[in-house]
Each structure stands twice: as C-alpha cells, then as structure tokens.
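A.B. asks: The structure file upload.cif (mmCIF, C-alpha atoms and all ligand atoms) is provided below.
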```cif
data_upload
#
loop_
_atom_site.label_atom_id
_atom_site.label_comp_id
_atom_site.auth_asym_id
_atom_site.auth_seq_id
_atom_site.Cartn_x
_atom_site.Cartn_y
_atom_site.Cartn_z
CA MET E 306 0.00 0.00 0.00
CA HIS E 307 0.77 3.63 -0.40
CA GLU E 308 0.77 4.59 3.28
CA LEU E 309 4.07 3.05 4.29
CA ALA E 310 5.90 4.49 1.28
CA LEU E 311 4.50 7.89 2.16
CA ALA E 312 5.40 7.58 5.83
CA GLN E 313 8.93 6.56 4.87
CA ALA E 314 9.27 9.57 2.59
CA VAL E 315 8.07 11.89 5.35
CA VAL E 316 10.41 10.45 7.97
CA MET E 317 13.39 10.43 5.60
CA THR E 318 12.72 14.05 4.74
CA LEU E 319 12.61 14.96 8.43
CA ILE E 320 15.87 13.11 9.13
CA GLU E 321 17.48 15.03 6.28
CA GLU E 322 16.20 18.35 7.61
CA ALA E 323 17.32 17.49 11.14
CA SER E 324 20.84 16.60 10.04
CA LYS E 325 21.06 19.69 7.80
CA ARG E 326 20.40 21.82 10.89
CA SER E 327 22.23 19.51 13.33
CA LEU E 328 19.10 19.07 15.40
CA ASN E 329 18.24 16.04 17.45
CA ASN E 330 14.68 17.15 17.95
CA ILE E 331 12.42 18.15 15.11
CA ASN E 332 8.80 19.30 15.09
CA ALA E 333 6.65 19.07 12.04
CA GLU E 334 3.13 19.19 10.77
CA VAL E 335 2.29 16.63 8.12
CA VAL E 336 -0.47 17.99 5.94
CA VAL E 337 -2.51 15.32 4.17
CA GLY E 338 -4.72 16.54 1.36
CA GLU E 339 -8.16 15.10 0.77
CA LEU E 340 -7.28 14.07 -2.80
CA GLN E 341 -4.61 11.71 -1.54
CA SER E 342 -7.17 9.42 0.03
CA ILE E 343 -4.89 7.43 2.27
CA ASP E 344 -5.90 5.38 5.26
CA MET E 345 -5.09 7.74 8.11
CA GLU E 346 -4.95 5.03 10.72
CA ILE E 347 -2.37 3.00 8.82
CA PHE E 348 -0.42 6.13 7.93
CA GLU E 349 -0.29 7.26 11.53
CA TYR E 350 0.69 3.80 12.70
CA ASN E 351 3.52 3.64 10.12
CA LEU E 352 4.73 7.09 11.13
CA ASN E 353 4.82 6.14 14.79
CA GLU E 354 6.75 2.94 14.13
CA LEU E 355 9.30 4.76 11.98
CA LYS E 356 9.64 7.60 14.49
CA GLU E 357 10.44 5.08 17.18
CA LEU E 358 13.02 3.37 14.97
CA VAL E 359 14.68 6.69 14.15
CA TYR E 360 14.88 7.54 17.83
CA GLN E 361 16.46 4.21 18.70
CA GLU E 362 18.93 4.20 15.85
CA ARG E 363 19.85 7.84 15.50
CA LYS E 364 18.64 9.50 18.66
CA ILE E 365 16.63 11.99 16.63
CA LYS E 366 13.30 12.80 18.21
CA ILE E 367 10.57 13.48 15.68
CA ASN E 368 7.32 15.12 16.79
CA ILE E 369 4.58 15.02 14.23
CA ARG E 370 1.12 16.47 14.12
CA ILE E 371 -1.08 15.25 11.27
CA VAL E 372 -3.42 17.80 9.72
CA ARG E 373 -6.03 17.03 7.09
CA GLU E 374 -6.73 19.54 4.36
CA GLU E 375 -9.93 19.80 2.36
CA ALA E 376 -9.65 19.75 -1.43
CA LYS E 377 -10.67 22.96 -3.12
CA PHE E 378 -10.60 23.90 -6.78
CA ARG E 379 -10.64 27.25 -8.55
CA CYS E 380 -11.53 27.63 -12.20
CA ASN E 381 -8.96 29.52 -14.28
CA ARG E 382 -11.62 30.57 -16.80
CA CYS E 383 -14.51 31.84 -14.72
CA GLY E 384 -13.04 32.05 -11.22
CA TYR E 385 -15.60 29.76 -9.57
CA THR E 386 -14.38 27.81 -6.54
CA TRP E 387 -15.74 24.47 -5.39
CA ARG E 388 -15.05 21.47 -3.19
CA LEU E 389 -14.65 17.82 -4.09
CA SER E 390 -17.87 16.91 -2.34
CA ASP E 391 -19.84 19.38 -4.48
CA LEU E 392 -19.63 17.03 -7.47
CA PRO E 393 -20.62 13.46 -8.16
CA ILE E 394 -17.57 11.38 -9.04
CA THR E 395 -17.18 7.78 -10.21
CA GLU E 396 -15.16 5.17 -8.33
CA ASP E 397 -12.69 4.83 -11.22
CA ALA E 398 -12.07 8.56 -11.25
CA LYS E 399 -11.66 8.59 -7.49
CA GLU E 400 -9.06 5.84 -7.67
CA ALA E 401 -7.08 7.55 -10.43
CA ILE E 402 -7.10 10.86 -8.52
CA HIS E 403 -6.01 9.08 -5.38
CA PHE E 404 -2.81 7.94 -7.13
CA ILE E 405 -2.18 11.04 -9.22
CA PRO E 406 -4.27 14.03 -8.07
CA GLU E 407 -3.67 15.80 -11.41
CA ALA E 408 -5.86 13.14 -13.02
CA ALA E 409 -8.62 15.39 -11.63
CA HIS E 410 -8.10 17.47 -14.77
CA SER E 411 -9.31 14.52 -16.82
CA TYR E 412 -12.31 13.62 -14.70
CA ILE E 413 -13.51 16.88 -13.17
CA GLN E 414 -14.90 19.97 -14.88
CA CYS E 415 -15.77 23.35 -13.44
CA PRO E 416 -19.40 23.04 -12.25
CA ARG E 417 -20.16 26.52 -13.57
CA CYS E 418 -18.49 26.72 -17.00
CA GLY E 419 -17.35 23.17 -17.75
CA SER E 420 -13.65 24.05 -18.01
CA ARG E 421 -10.90 21.56 -17.14
CA ASP E 422 -8.51 24.45 -16.66
CA PHE E 423 -8.60 24.85 -12.90
CA GLU E 424 -6.20 25.00 -9.98
CA ILE E 425 -6.21 22.57 -7.13
CA ILE E 426 -5.89 25.28 -4.51
CA SER E 427 -5.75 23.01 -1.48
CA GLY E 428 -5.86 19.41 -0.41
CA ARG E 429 -3.73 18.07 -3.24
CA GLY E 430 -1.21 15.84 -1.58
CA VAL E 431 1.10 15.41 1.36
CA TYR E 432 3.60 17.97 2.48
CA VAL E 433 5.60 18.65 5.57
CA ARG E 434 5.61 21.94 7.44
CA LEU E 435 8.57 22.38 9.74
CA ILE E 436 7.83 24.20 12.94
CA MET V 858 8.26 27.74 9.36
CA SER V 859 9.22 26.12 6.11
CA VAL V 860 7.54 23.60 3.87
CA VAL V 861 9.28 20.54 2.48
CA ASP V 862 8.09 18.13 -0.15
CA PRO V 863 8.58 14.52 0.95
CA ARG V 864 8.21 13.34 -2.66
CA ILE V 865 11.63 14.74 -3.52
CA THR V 866 13.33 12.45 -1.03
CA ALA V 867 11.32 9.49 -2.27
CA ALA V 868 11.96 10.32 -5.94
CA LYS V 869 15.69 10.56 -5.37
CA ARG V 870 15.77 7.29 -3.49
CA ASN V 871 13.98 5.60 -6.39
CA LEU V 872 16.22 7.14 -9.04
CA GLU V 873 19.40 6.18 -7.24
CA LYS V 874 18.71 2.53 -7.96
CA PHE V 875 19.18 2.95 -11.71
CA SER V 876 22.54 2.41 -13.39
CA LEU V 877 21.61 4.79 -16.15
CA VAL V 878 18.79 7.26 -16.79
CA ILE V 879 18.26 8.39 -20.38
CA PRO V 880 15.83 11.17 -21.22
CA VAL V 881 14.92 11.03 -24.93
CA PHE V 882 14.53 14.61 -26.15
CA SER V 883 13.74 16.49 -29.31
CA PRO V 884 12.01 19.86 -29.35
CA LYS V 885 10.31 18.90 -32.61
CA GLY V 886 7.28 16.61 -32.54
CA GLY V 887 6.86 13.63 -34.82
CA VAL V 888 10.54 12.84 -35.27
CA GLY V 889 10.20 9.44 -33.63
CA LYS V 890 11.07 9.89 -29.95
CA THR V 891 8.39 7.48 -28.88
CA PHE V 892 9.10 4.96 -31.62
CA ILE V 893 12.85 5.01 -30.95
CA THR V 894 12.29 4.72 -27.18
CA ALA V 895 10.33 1.52 -27.82
CA LEU V 896 12.98 0.21 -30.23
CA MET V 897 15.75 0.94 -27.75
CA ALA V 898 13.90 -0.87 -24.97
CA TYR V 899 13.71 -4.03 -27.04
CA SER V 900 17.21 -3.63 -28.38
CA LEU V 901 18.72 -3.18 -24.91
CA THR V 902 17.06 -6.34 -23.63
CA LEU V 903 18.09 -8.56 -26.55
CA ASP V 904 20.90 -10.31 -24.72
CA ASN V 905 19.00 -10.45 -21.42
CA GLU V 906 21.66 -8.39 -19.74
CA PHE V 907 19.54 -5.42 -18.69
CA THR V 908 16.07 -4.70 -17.44
CA ILE V 909 14.42 -1.56 -18.76
CA SER V 910 12.05 0.85 -17.05
CA LEU V 911 10.12 3.09 -19.41
CA LEU V 912 8.44 6.29 -18.33
CA ASP V 913 6.08 8.01 -20.72
CA ALA V 914 6.50 11.65 -19.78
CA ASP V 915 4.32 12.92 -22.60
CA PHE V 916 1.59 13.40 -20.02
CA THR V 917 -1.01 15.20 -22.07
CA ASN V 918 -0.73 12.79 -24.97
CA PRO V 919 0.74 9.47 -23.84
CA SER V 920 1.51 7.16 -26.75
CA LEU V 921 4.39 4.89 -25.79
CA HIS V 922 1.98 2.18 -24.62
CA ILE V 923 0.38 2.19 -28.08
CA VAL V 924 3.72 1.61 -29.81
CA LEU V 925 4.31 -1.17 -27.28
CA GLY V 926 1.01 -2.73 -28.24
CA LEU V 927 -0.98 -2.01 -25.08
CA ASP V 928 -4.56 -0.88 -24.99
CA GLU V 929 -5.13 1.75 -22.30
CA SER V 930 -8.48 0.31 -21.30
CA ASN V 931 -6.61 -2.80 -20.10
CA LEU V 932 -3.87 -0.98 -18.22
CA LYS V 933 -4.35 -1.85 -14.60
CA ILE V 934 -2.42 -0.21 -11.80
CA GLU V 935 -1.46 -2.44 -8.91
CA GLU V 936 -0.76 -0.95 -5.55
CA GLU V 937 2.05 -2.43 -3.54
CA MET V 938 4.13 -0.12 -1.38
CA GLY V 939 3.44 2.50 -4.00
CA ILE V 940 2.44 1.60 -7.54
CA LYS V 941 3.85 -1.11 -9.75
CA PRO V 942 4.78 -0.37 -13.36
CA ILE V 943 3.00 -2.28 -16.10
CA ARG V 944 4.85 -5.33 -17.39
CA VAL V 945 5.38 -5.02 -21.16
CA ALA V 946 7.79 -7.90 -21.71
CA PRO V 947 9.79 -10.03 -19.27
CA GLU V 948 12.50 -7.37 -19.09
CA ILE V 949 10.55 -4.23 -19.91
CA GLU V 950 8.21 -2.29 -17.62
CA LEU V 951 6.27 0.91 -18.23
CA MET V 952 4.68 3.70 -16.26
CA THR V 953 2.27 5.97 -18.09
CA LEU V 954 -0.49 8.39 -17.17
CA ALA V 955 -2.66 6.54 -19.68
CA ALA V 956 -3.12 3.91 -16.98
CA PHE V 957 -4.91 6.55 -14.88
CA VAL V 958 -6.73 8.69 -17.40
CA LYS V 959 -7.34 6.05 -20.12
CA ASP V 960 -8.31 7.82 -23.33
CA LEU V 961 -9.12 11.16 -21.71
CA THR V 962 -6.83 14.12 -22.13
CA VAL V 963 -5.07 15.63 -19.11
CA PRO V 964 -4.89 19.39 -19.54
CA LEU V 965 -2.02 20.44 -17.28
CA ARG V 966 -0.39 23.75 -16.48
CA GLY V 967 3.24 24.07 -15.43
CA ASN V 968 2.74 23.49 -11.74
CA ASP V 969 0.56 20.44 -12.40
CA ILE V 970 3.30 18.98 -14.57
CA VAL V 971 5.86 19.45 -11.83
CA ASN V 972 3.47 17.63 -9.49
CA VAL V 973 2.98 14.72 -11.87
CA VAL V 974 6.72 14.29 -12.41
CA ARG V 975 7.40 14.27 -8.67
CA GLU V 976 4.44 12.05 -7.85
CA LEU V 977 5.28 9.42 -10.46
CA LEU V 978 8.93 9.33 -9.48
CA ALA V 979 8.06 9.18 -5.79
CA ILE V 980 5.47 6.42 -5.84
CA THR V 981 6.51 4.12 -8.70
CA ARG V 982 8.34 0.98 -7.57
CA TRP V 983 10.69 0.39 -10.47
CA SER V 984 12.64 -2.79 -10.93
CA GLY V 985 14.73 -1.92 -14.01
CA LYS V 986 18.43 -1.05 -14.33
CA ILE V 987 18.15 1.44 -17.19
CA MET V 988 15.43 4.06 -17.34
CA LEU V 989 14.33 5.54 -20.64
CA ILE V 990 12.15 8.64 -20.43
CA ASP V 991 10.01 9.38 -23.47
CA SER V 992 9.33 13.10 -23.47
CA PRO V 993 6.88 15.48 -25.11
CA PRO V 994 8.19 17.80 -27.82
CA GLY V 995 9.59 21.12 -26.68
CA PHE V 996 11.87 21.96 -23.82
CA SER V 997 9.76 23.16 -20.94
CA ASP V 998 8.16 22.13 -17.65
CA THR V 999 8.43 18.35 -18.04
CA HIS V 1000 12.02 18.40 -19.29
CA LEU V 1001 13.12 20.98 -16.76
CA GLU V 1002 11.64 19.15 -13.78
CA PHE V 1003 13.21 15.83 -14.78
CA LEU V 1004 16.58 17.48 -15.27
CA ARG V 1005 16.33 19.25 -11.93
CA LEU V 1006 15.61 16.04 -10.03
CA LEU V 1007 18.03 13.88 -12.01
CA ILE V 1008 21.01 16.19 -11.81
CA GLU V 1009 21.09 15.80 -8.04
CA VAL V 1010 21.04 12.01 -7.97
CA LYS V 1011 21.63 10.26 -11.22
CA GLU V 1012 23.40 12.27 -13.89
CA PRO V 1013 21.04 12.13 -16.88
CA LYS V 1014 22.51 11.27 -20.27
CA VAL V 1015 20.29 12.75 -22.92
CA LEU V 1016 19.54 10.98 -26.17
CA LEU V 1017 18.60 13.35 -28.99
CA VAL V 1018 16.47 12.26 -31.92
CA SER V 1019 16.22 14.14 -35.20
CA THR V 1020 14.95 13.53 -38.68
CA PRO V 1021 17.13 14.80 -41.56
CA THR V 1022 14.88 17.81 -42.15
CA THR V 1023 15.80 21.46 -41.87
CA LEU V 1024 13.29 22.11 -39.10
CA ALA V 1025 14.20 19.08 -36.98
CA LEU V 1026 17.93 19.77 -37.37
CA LYS V 1027 17.38 23.38 -36.30
CA ALA V 1028 15.46 22.20 -33.24
CA THR V 1029 18.30 19.79 -32.44
CA GLU V 1030 20.81 22.58 -32.73
CA ARG V 1031 18.88 24.80 -30.33
CA ILE V 1032 18.42 22.20 -27.62
CA THR V 1033 21.99 20.94 -27.94
CA LYS V 1034 23.43 24.40 -27.42
CA THR V 1035 21.26 24.88 -24.34
CA LEU V 1036 22.12 21.51 -22.82
CA LEU V 1037 25.84 21.87 -23.48
CA SER V 1038 25.91 25.36 -22.01
CA GLU V 1039 24.40 23.88 -18.85
CA ASN V 1040 26.91 21.03 -18.77
CA ILE V 1041 24.23 18.41 -19.23
CA LYS V 1042 25.62 15.21 -20.71
CA ILE V 1043 24.46 14.28 -24.19
CA LEU V 1044 24.81 10.64 -25.07
CA GLY V 1045 24.50 11.51 -28.73
CA LEU V 1046 22.27 12.12 -31.72
CA ILE V 1047 20.18 9.47 -33.44
CA GLY V 1048 18.92 10.15 -36.93
CA ASN V 1049 15.50 8.78 -37.75
CA MET V 1050 13.53 8.12 -40.94
CA CYS V 1051 16.65 8.35 -43.08
CA LEU V 1052 16.02 7.46 -46.71
CA SER V 1053 19.43 8.02 -48.30
CA ASN V 1054 23.11 8.54 -47.69
CA ASP V 1055 22.49 12.26 -47.98
CA ASP V 1056 19.99 12.01 -45.14
CA GLU V 1057 22.51 10.22 -42.97
CA GLY V 1058 25.14 12.76 -44.05
CA SER V 1059 23.09 15.66 -42.76
CA ILE V 1060 22.69 14.01 -39.34
CA VAL V 1061 26.41 13.19 -39.17
CA GLN V 1062 27.29 16.73 -40.15
CA LYS V 1063 24.97 18.26 -37.54
CA ALA V 1064 26.45 16.07 -34.82
CA GLN V 1065 29.98 17.07 -35.83
CA GLN V 1066 29.10 20.74 -36.00
CA LEU V 1067 27.59 20.55 -32.51
CA THR V 1068 30.47 18.40 -31.18
CA ILE V 1069 28.19 15.65 -29.93
CA PRO V 1070 28.51 11.93 -30.74
CA TYR V 1071 26.71 10.68 -33.82
CA LEU V 1072 25.06 7.42 -32.82
CA GLY V 1073 23.53 6.13 -36.04
CA CYS V 1074 20.57 6.45 -38.33
CA ILE V 1075 17.36 4.43 -38.26
CA PRO V 1076 16.01 4.05 -41.78
CA TYR V 1077 12.52 4.99 -42.84
CA ILE V 1078 10.33 1.94 -42.27
CA SER V 1079 7.30 1.55 -44.45
CA ASN V 1080 4.26 0.41 -42.49
CA ALA V 1081 5.99 1.18 -39.19
CA GLU V 1082 2.67 0.73 -37.36
CA LYS V 1083 2.55 -2.88 -38.38
CA PHE V 1084 5.37 -3.51 -35.91
CA TYR V 1085 3.66 -1.91 -32.89
CA GLY V 1086 3.55 -4.38 -30.04
CA THR V 1087 5.78 -7.39 -29.61
CA SER V 1088 6.75 -7.26 -33.30
CA MET V 1089 9.06 -4.41 -32.28
CA LEU V 1090 11.48 -7.16 -31.36
CA GLU V 1091 11.32 -8.47 -34.91
CA LEU V 1092 11.86 -4.94 -36.21
CA VAL V 1093 14.90 -4.47 -33.96
CA LYS V 1094 16.49 -7.53 -35.57
CA LYS V 1095 15.49 -6.37 -39.02
CA ILE V 1096 17.08 -2.93 -38.54
CA GLY V 1097 20.27 -4.57 -37.32
CA THR V 1098 23.52 -2.59 -37.49
CA PRO V 1099 22.50 0.96 -36.57
CA LEU V 1100 20.56 -0.25 -33.54
CA ILE V 1101 23.32 -2.61 -32.50
CA SER V 1102 25.87 0.18 -32.48
CA ILE V 1103 23.54 2.58 -30.65
CA THR V 1104 22.86 -0.10 -28.05
CA LYS V 1105 26.56 -0.70 -27.60
CA ILE V 1106 27.22 2.99 -26.96
CA ILE V 1107 24.41 3.13 -24.43
CA LYS V 1108 25.79 0.14 -22.56
CA GLU V 1109 29.21 1.77 -22.48
CA ALA V 1110 27.63 4.80 -20.82
CA ILE V 1111 26.81 2.73 -17.74
CA GLU V 1112 29.32 3.38 -15.02
N1 LIG S 1 11.93 5.14 -38.71
C1 LIG S 1 10.64 5.32 -38.95
N2 LIG S 1 10.10 4.95 -40.13
C2 LIG S 1 8.80 5.14 -40.41
N3 LIG S 1 7.93 5.70 -39.54
C3 LIG S 1 8.41 6.08 -38.33
C4 LIG S 1 9.77 5.92 -37.98
N4 LIG S 1 9.95 6.41 -36.73
C5 LIG S 1 8.73 6.84 -36.32
N5 LIG S 1 7.80 6.65 -37.27
C6 LIG S 1 6.37 7.01 -37.20
O1 LIG S 1 6.30 8.43 -37.20
C7 LIG S 1 5.25 8.88 -36.34
C8 LIG S 1 5.81 9.84 -35.29
O2 LIG S 1 6.66 9.11 -34.43
P1 LIG S 1 6.65 9.35 -32.85
O3 LIG S 1 7.53 8.33 -32.26
O4 LIG S 1 5.27 9.44 -32.36
O5 LIG S 1 7.34 10.79 -32.79
P2 LIG S 1 7.51 11.75 -31.50
O6 LIG S 1 7.39 10.89 -30.31
O7 LIG S 1 8.88 12.34 -31.67
O8 LIG S 1 6.45 12.79 -31.60
C9 LIG S 1 4.61 7.63 -35.76
O9 LIG S 1 3.49 7.32 -36.53
C10 LIG S 1 5.68 6.57 -35.92
O10 LIG S 1 5.13 5.27 -36.09
MG MG S 2 6.06 10.97 -28.68
ZN ZN S 3 -15.37 27.80 -14.70
#
```
For the file at hand, write its structure as structure tokens.
Ligand SMILES: Nc1ncnc2c1ncn2[C@@H]1O[C@H](COP(=O)(O)OP(=O)(O)O)[C@@H](O)[C@H]1O
Ligand SMILES: [Mg+2]
Ligand SMILES: [Zn+2]

C.D. replies:
Amino acid sequence: MHELALAQAVVMTLIEEASKRSLNNINAEVVVGELQSIDMEIFEYNLNELKELVYQERKIKINIRIVREEAKFRCNRCGYTWRLSDLPITEDAKEAIHFIPEAAHSYIQCPRCGSRDFEIISGRGVYVRLI
Amino acid sequence: MSVVDPRITAAKRNLEKFSLVIPVFSPKGGVGKTFITALMAYSLTLDNEFTISLLDADFTNPSLHIVLGLDESNLKIEEEMGIKPIRVAPEIELMTLAAFVKDLTVPLRGNDIVNVVRELLAITRWSGKIMLIDSPPGFSDTHLEFLRLLIEVKEPKVLLVSTPTTLALKATERITKTLLSENIKILGLIGNMCLSNDDEGSIVQKAQQLTIPYLGCIPYISNAEKFYGTSMLELVKKIGTPLISITKIIKEAIE
C-alpha cells in the first residue's frame, strides 16, 4: 500500500532536515490533502513505528502532528471555486485521482463553465511543514 | 516555518537505484522519440543483460503504450508499497499516465506537470536497471523538472532524436546548445527516418558541427505501425547494425 511508502518519505525528509540543521529534535506538521485518500490510521501507525526506529537508531526525536486539508478547486476561466464533495464522481475517477491528483483534470470539470482548466488550490497531496 | 516536499526524497531514493537514466529529447514533434524509445527498450534487452524501465512523460498525450502494443483500457495499476509499473515484456516495464486517465486528455499547467513528475517518481516501484524517459516535444516544464531532479542524484545522459529535415535539425541545434551550455551530458544524436546517404550525411554533419557523438541512423520503415507491439522485437532484428551500435554505446555509458 501507499501509506508506508508515504510515511517513509516523510520520515526520511525529516531526518534530512534534522541533520542539515544539526538538530536532534524536530517538530513538524504533516499535511494530508483530501485528494490523496490514504488510510489515516495506517499512515499514523507507520509514522509512529518509523519515528520510534529513528529515535532508537539515531537519537533523533521526531514530533509530528497530522493535519487534514480539504480539497478545493478554482476555475482559471470563470473564477468559480468548489469542493470535491460538491460534485458526483465515479469510483474509477476517485481511484485515479487518489494515485495522481492531477488526473482530476481529466475527470472533473468546473461546475459553472465546464472548463478543465482549474487550480487545485488546497488538499492536493502530502507535504511537511517544519515548525 | 518552512515547507518541504517529501516526494523529492522518495523520488531521489527511487532514481538512485538505476545504473543509467536516459531522457529522450527532441524539441520537434513527430521525429520518432516514442518509436525510438520503444525500439531501444527491445534492443537493450536482446541479450537479457539489462532490465528496462520506461516512463512516458508525454503526459497530455501518452503514446508509448500504443507503440508497445498495449490498450489503455486494459492498463491496470497495482498498488504495492506504492504503484507497480505495467509489465510489457519479461525485461521491460512501463509507467504511463494513460493507466490513470485512459483515453481522456489531461490538460495540465506548469505546476501540475511538476506535481505529476514528482508524484510518479516518488510512488513508482521500479525494478529496471536502465530508465528511458520518453518526453513530449519542446523543452519546458516536463524536461526541466526531470533534469532538476536527475542532476542531483543520477546524472542524466540525454539521447537526442532528429529527422534529416531542416526544421528538426534546427530544433536539435537549439536544444543541444542549451544543454551543453548547462553542462548536461548528451549521449548523442540518433537520426530517424533516413532514406538516403544524404539524409545520414546531414545528421552526421549536424552532430559534428555541434560536437556531440553521432550514434547512427534508423532508416525509414514503411508500415511502421505494423510492428507496434511485440513485433518491435522483430523490427529491432530487421534494422540490425544501426541499432546494435547505438545499443553498444548506451551500454558503455553505464558506469
Ligand atoms: N523510422 C521510422 N520509419 C517510419 N515511420 C516512423 C519511424 N519512426 C517513427 N515513425 C512514425 O512516425 C510517427 C511519429 O513518431 P513518434 O515516435 O510518435 O514521434 P515523437 O514521439 O517524436 O512525436 C509515428 O506514426 C511513428 O510510427
Ligand atoms: Mg512521442
Ligand atoms: Zn469555470
């Protein structure tokens, strides 16, 4: 599954940042966008396991807060903004978007003008905010 | 407070595993980037020495799978610690957006393209030794993002494709000058759809003028589409010499 790979990427990134700044304690917020529909329980579990491992092996203490972010779109043609839940969406489309959020441009159109030229203004994927 | 993108770390870790990463570039469309990428994949696996990972980076108009004989409606993505590429042949695997968007178009702006490049490189679980990247025409977001990520981990060695036409040769000249001025390695120039010695001569001359290696010329093949799919292997054997020498040079580029 996707969750472990994602958790590994997050933890590796934090180790890199910690060693860049010679820190042995790093605080971060992991923002998980709605479009990346991952299983939060598994993700959190993986993160905790990895954090523990990093502490044992490298004595780097990682503190993570997970934040979910709602997906929002803004049309580049007419300026309309909408949320994912405002539109009906097929299972196939949902799955494709879950892997590659940009696939939204194939499956979703602006509810007002029909354009596929829109920005995903929030909730796209996973990123890490260092605190 | 600063924001970091965990996909970069993951992408780099995935790229590090390759012995060689070859972006196939040509600013001009229709010169045969996709066709040659498919030929090279089969040619490089002829003696079972290497496994090839193909990435179709022509996101808005993926076509490599078609040349490889795959129908997008049957492309199924399997999830396993990320996503698994599609098996094309025992030693060839492919990742393409067509697996996600089927026959729909994907209208993408620059920032979306950067996201797709990072996402695909971060979540795909490759198993090949040599990666060939089939690119869209031009020299913009897709090319720039690949180069940016590759330069830090796995020095890219660019393969240029040109037909012996004035416009394609001009495009080759432009991109070559840019790449060389940025110290990006160019594996060499492949001529495609050559019909005569004069055609080959113009490719050789352009390579010499630009001080990049001339790799060989693929002749014009009538009914090229007939070979799409596993018959590409047959075509590789039929083409013979030019492909054999190009393949040899590519193998020598592996450190
Ligand atoms: N050597 C060749 N002989 C004949 N047709 C070719 C040859 N190389 C490519 N083609 C055909 O030319 C067209 C354009 O090739 P393609 O690989 O799609 O170019 P690009 O990827 O550079 O846009 C395709 O229909 C392809 O089958
Ligand atoms: Mg192409
Ligand atoms: Zn609109």

A.B. asks: Pick the closest to chain V from E:Ala376, E:Leu328, E:Val315, E:Ile365: which is it, counting all atoms listed in the file?

C.D. replies: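 Checking each of E:Ala376, E:Leu328, E:Val315, E:Ile365 against chain V, counting all atoms listed in the file, the winner is E:Val315.
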
A.B. asks: Which residues are near Glu873 in chain V? Cut-off 10 Å, all atoms listed in the file, ignore same chain within fewer than 5 positions. Put them as a list in words.

C.D. replies: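 After dropping sequence-adjacent residues, the list is Ala868, Val878, Leu1007, Glu1009, Val1010, Lys1011 and Glu1012 of chain V.
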
A.B. asks: Using all atoms listed in the file for the distances, tell me which of E:Gly419, E:Glu334, E:Leu319, E:Ala408 is nearest to Cys383 in chain E.

C.D. replies: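 For Cys383 in chain E, the nearest of the candidates is E:Gly419.
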
A.B. asks: Please write out the residues within 12 Å of ligand MG 2 (chain S) as a ChimeraX atom specification, counting all atoms listed in the file.

C.D. replies: /V:881-895,912-924,990-995,1018

A.B. asks: Keeping only C-alpha atoms, write the selected residues to a file as a CSV table (one decimal), in the coordinates of the input.

C.D. replies:
```csv
chain,number,residue,atom,x,y,z
V,881,VAL,CA,14.9,11.0,-24.9
V,882,PHE,CA,14.5,14.6,-26.2
V,883,SER,CA,13.7,16.5,-29.3
V,884,PRO,CA,12.0,19.9,-29.4
V,885,LYS,CA,10.3,18.9,-32.6
V,886,GLY,CA,7.3,16.6,-32.5
V,887,GLY,CA,6.9,13.6,-34.8
V,888,VAL,CA,10.5,12.8,-35.3
V,889,GLY,CA,10.2,9.4,-33.6
V,890,LYS,CA,11.1,9.9,-30.0
V,891,THR,CA,8.4,7.5,-28.9
V,892,PHE,CA,9.1,5.0,-31.6
V,893,ILE,CA,12.8,5.0,-31.0
V,894,THR,CA,12.3,4.7,-27.2
V,895,ALA,CA,10.3,1.5,-27.8
V,912,LEU,CA,8.4,6.3,-18.3
V,913,ASP,CA,6.1,8.0,-20.7
V,914,ALA,CA,6.5,11.6,-19.8
V,915,ASP,CA,4.3,12.9,-22.6
V,916,PHE,CA,1.6,13.4,-20.0
V,917,THR,CA,-1.0,15.2,-22.1
V,918,ASN,CA,-0.7,12.8,-25.0
V,919,PRO,CA,0.7,9.5,-23.8
V,920,SER,CA,1.5,7.2,-26.8
V,921,LEU,CA,4.4,4.9,-25.8
V,922,HIS,CA,2.0,2.2,-24.6
V,923,ILE,CA,0.4,2.2,-28.1
V,924,VAL,CA,3.7,1.6,-29.8
V,990,ILE,CA,12.2,8.6,-20.4
V,991,ASP,CA,10.0,9.4,-23.5
V,992,SER,CA,9.3,13.1,-23.5
V,993,PRO,CA,6.9,15.5,-25.1
V,994,PRO,CA,8.2,17.8,-27.8
V,995,GLY,CA,9.6,21.1,-26.7
V,1018,VAL,CA,16.5,12.3,-31.9
```

A.B. asks: Quick one: residues within 8 Å of ligand ZN 3 (chain S), with all atoms listed in the file, as a list of chain:residue names?

C.D. replies: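 Selection of residues at most 8 Å from ligand ZN 3 (chain S): E:Arg379, E:Cys380, E:Asn381, E:Arg382, E:Cys383, E:Gly384, E:Tyr385, E:Gln414, E:Cys415, E:Pro416, E:Arg417, E:Cys418, E:Gly419, E:Ser420, E:Asp422, E:Phe423.
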
A.B. asks: Distance CA of Cys1051 in chain V-CA of Tyr1077 in chain V, one decimal place?

C.D. replies: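 Straight-line distance from CA of Cys1051 in chain V to CA of Tyr1077 in chain V works out to 5.3 Å.
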
A.B. asks: What are the centre and edge lengths in Å, to one decimal, of the axis-aligned box around all listed atoms of ligand LIG 1 (chain S) with 3 Å added on each side, as lines of an AutoDock Vina configuration file?

C.D. replies:
```
center_x = 7.7
center_y = 8.9
center_z = -35.4
size_x = 14.4
size_y = 13.8
size_z = 16.1
```

A.B. asks: Return the single residue from V:Ile865, V:Leu1024, V:Leu1001, V:Met952 that is closest to chain E, with distances computed using only C-alpha atoms.

C.D. replies: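 The answer is V:Ile865, which sits nearest to chain E.
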
A.B. asks: Within 12 Å of Ala1081 in chain V, counting only C-alpha atoms, which residues show up once you throw out same-chain ones fewer than 4 positions away? Write them as a PyMOL selection string, please.

C.D. replies: chain V and resi 889+892-893+896+924+1050+1075-1077+1085-1086+1088-1089+1091-1093+1096
